[in-house]
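Taking it in order: structure first as structure tokens, then the write-up.
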Amino acid sequence: MGFDPYVIREDFPILKKEINGKSLVYFDNAATTQKPKQVVEAIRDYYFNYNSNVLRSINTLSSQATELYIESRKKIARFIGAGEEEIVFTKNATEGLNSLTEIIPKLLGRKLTVLTSIMEHHSNLLPWRRMVSEKGGRLIVVGMNEDYTVNVEEIEKNLENGCDVLTIVHVSNVLGTMNPVKELCKLAHKHGSLFVIDAAQSIPHIPFDVSEIEPDFVAFSGHKMLGPTGIGVLYVRKKFVEKIEPWDLGGGMVKTVTLEDQVYEDVPFRFEAGTPNVEGVIGLATAVDYLSRIGVSNIAKHEADLVKHLMEGFDEKIITVHGPLDSTKHMGIVSFNVKGIHPHDVAQMLDADGIMVRSGALCAEPLVNALGVNAVVRVSFYLYNTLEEVDRFHESLRKLRGFI
Ligand SMILES: Cc1ncc(COP(=O)(O)O)c(C=O)c1O
């Protein structure tokens, strides 16, 4: 069963806003999504009725807040088919990926050979590059196929030669194409490599189940899936949670401390030093409830309709779409250039009509350069976008013809 985006929109007060005298069209969901009333209400309810630190004091208020916090972790874990002990809260996907450059060298106890791809967001490239430059090891970057997914053969060849980590973006934030993570995970494990998924653009938009894919680590952000900013998740596969060392130390992650030694808390609490982002966790759990109620596969179908309508309306004489011409291969994201007009100018002209898009290198400069440009315009959808909004976008784009 699908859903009615017009009913959904009632939960998002911001969508009633006007920008430059026009009703807001928000097509920048890959950057961050809007938040429904339910998420904002849950955060307000926490502050008005439960605000207290968690996992510390034994007073009633703290116990209630702790219960909410623990329940929230369970919901978030269930959403991706994980166990609650496999969910480590971070501030965002970027922090999760950076943490891995501390965690994995210690786990394996050697300099790492890391395999990644040209399709990565800077968050899945720069931390690994710094790691090899500071700690030694090697970073290998594989290319893309003609279908704008990673080159699996090149990956397998490198894995055969011996790699420690394969880390790949699931859905590209530039192209919207989806990499075959299940197949890549099997290959990585077959050749004795760990497998990391940057799922920042997939978990919000398509069904994602760690028990089916079996990755070792997964990073994603709450703010790209209706949740608040400042909360993310690093999924750590059960077989590693007891083996990895805490990377941050401090309060809340130890059972006992003497001047000489300490005993760490149980997992995953030992990985969350300091006061956690309680409102963020509660907000994200509420977002997950919201998404589960609608059904992520229904959201994927809705986005597919929007992408189809978007791409059908493009005039190929002036628009160059990056990525496959088959709209079904774009998971809610389409990047393009308009002949003779800089992407920032296109974005500004759309903005004048109340339409919010992203332009530039999209924090994936090597990929954008590989497309033969240094900037693109990106449209990215979510569940509250409508076909009518896509029509408005095309109408606005048609005005650009005059400038060409
Ligand atoms: C594919 C991908 N990975 C990682 C990130 C980083 O997410 P965050 O900025 O929430 O850490 C993004 C953000 O756009 C992304 O699109």
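Note on naming: chains are A, B, ... as they come in the structure tokens, residues start from 1 per chain, ligands start from 1 in the order shown.
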
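For range 101-197 of chain A, backbone-based DSSP labels the following residues as strand (DSSP E or B): Leu112, Thr113, Val114, Leu115, Thr116, Ser117, Gly137, Arg138, Leu139, Ile140, Val141, Val142, Met144, Val150, Val165, Leu166, Thr167, Ile168, Val169, Val171, Met178, Leu194, Phe195, Val196 and Ile197 of chain A.
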
With C-alpha atoms retained, could you export that selection as a PDB file, in the first residue's frame?
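The result, written out as selection-v9.pdb:
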ATOM      1  CA  LEU A 112      45.897  -1.349   6.742  1.00  0.00           C
ATOM      2  CA  THR A 113      45.389  -1.691   3.038  1.00  0.00           C
ATOM      3  CA  VAL A 114      42.053   0.021   2.433  1.00  0.00           C
ATOM      4  CA  LEU A 115      40.073  -0.273  -0.765  1.00  0.00           C
ATOM      5  CA  THR A 116      37.527   2.381  -1.614  1.00  0.00           C
ATOM      6  CA  SER A 117      36.024   3.950  -4.740  1.00  0.00           C
ATOM      7  CA  GLY A 137      49.395   1.351   5.004  1.00  0.00           C
ATOM      8  CA  ARG A 138      47.807   1.940   1.632  1.00  0.00           C
ATOM      9  CA  LEU A 139      44.660   3.437   0.191  1.00  0.00           C
ATOM     10  CA  ILE A 140      43.504   2.102  -3.172  1.00  0.00           C
ATOM     11  CA  VAL A 141      40.722   3.891  -5.043  1.00  0.00           C
ATOM     12  CA  VAL A 142      38.842   1.900  -7.700  1.00  0.00           C
ATOM     13  CA  MET A 144      33.298   3.233 -11.815  1.00  0.00           C
ATOM     14  CA  VAL A 150      31.670   0.631  -8.645  1.00  0.00           C
ATOM     15  CA  VAL A 165      39.079  -3.088   4.518  1.00  0.00           C
ATOM     16  CA  LEU A 166      36.676  -2.532   1.644  1.00  0.00           C
ATOM     17  CA  THR A 167      34.641   0.630   2.304  1.00  0.00           C
ATOM     18  CA  ILE A 168      31.979   1.640  -0.201  1.00  0.00           C
ATOM     19  CA  VAL A 169      29.111   4.085  -0.487  1.00  0.00           C
ATOM     20  CA  VAL A 171      23.851   5.005  -2.717  1.00  0.00           C
ATOM     21  CA  MET A 178      23.184   1.965  -5.860  1.00  0.00           C
ATOM     22  CA  LEU A 194      36.322  -6.296   6.456  1.00  0.00           C
ATOM     23  CA  PHE A 195      33.390  -4.605   4.760  1.00  0.00           C
ATOM     24  CA  VAL A 196      32.219  -1.072   5.615  1.00  0.00           C
ATOM     25  CA  ILE A 197      29.130   0.606   4.145  1.00  0.00           C
TER      26      ILE A 197
END

So which residues touch Leu284 in chain A within 10 Å, counting only C-alpha atoms, skipping near sequence neighbours fewer than 3 positions away, as a ChimeraX atom specification? /A:39,42-43,72-73,75-76,221-223,225-229,231-232,278-281,287-290

Check every protein, DNA and RNA residue against ligand 1, keep those with an atom at most 9 Å away (counting only C-alpha atoms and all ligand atoms), and present them as a PyMOL selection string. chain A and resi 30-32+91-97+119-124+169-174+198-202+219-224+229-232+362-364

For Pro366 in chain A, work out the shell of residues within 8 Å, counting only C-alpha atoms and skipping chain neighbours fewer than 3 positions away, then give it as a short mmCIF file (atom, residue, chain, number, x, y, z; two decimals) with N, CA and C atoms, in the first residue's frame.
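Result file follows (around.cif):
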data_model
loop_
_atom_site.label_atom_id
_atom_site.label_comp_id
_atom_site.auth_asym_id
_atom_site.auth_seq_id
_atom_site.Cartn_x
_atom_site.Cartn_y
_atom_site.Cartn_z
N ILE A 118 35.97 5.74 -6.29
CA ILE A 118 35.91 7.14 -6.71
C ILE A 118 34.53 7.75 -6.43
N MET A 119 33.56 6.88 -6.08
CA MET A 119 32.19 7.36 -5.87
C MET A 119 31.97 7.93 -4.47
N ASN A 369 34.52 15.58 -10.58
CA ASN A 369 35.56 15.83 -11.60
C ASN A 369 35.62 14.70 -12.62
N ALA A 370 35.42 13.47 -12.14
CA ALA A 370 35.44 12.31 -13.05
C ALA A 370 34.27 12.38 -14.04
#

All alpha helix (DSSP H) positions in range 150-244 of chain A, as a ChimeraX atom specification: /A:152-160,181-190,210-213,238-241

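Using only C-alpha atoms, the contacts of Thr66 in chain A at a cut-off of 9 Å, with sequence neighbours closer than 2 positions omitted, comprise Ser52, Asn53, Val54, Leu55, Arg56, Leu61, Ser62, Ser63, Gln64, Leu68, Tyr69, Ile70, Glu71 and Val278 of chain A.
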
Long-range neighbours of Ile8 in chain A as JSON, numbers by chain, 8 Å cut-off, only C-alpha atoms, 4 positions minimum in chain: {"A": [3, 4, 12, 383, 384]}

Would you pick out the contacts of range 331-345 of chain A at 7 Å or less, using only C-alpha atoms, so that residues sharing its chain but fewer than 3 positions from it are not included, and give the list as a VMD selection string? chain A and resid 174 to 177 303 to 304 307 318 to 322 348 to 349 359 to 360 375 to 381 404

Residue with the minimum atom-to-atom distance to His330 in chain A, picked from A:Asn179, A:Asn158, A:Ser292, A:Gln34 with only C-alpha atoms counted, is A:Asn179
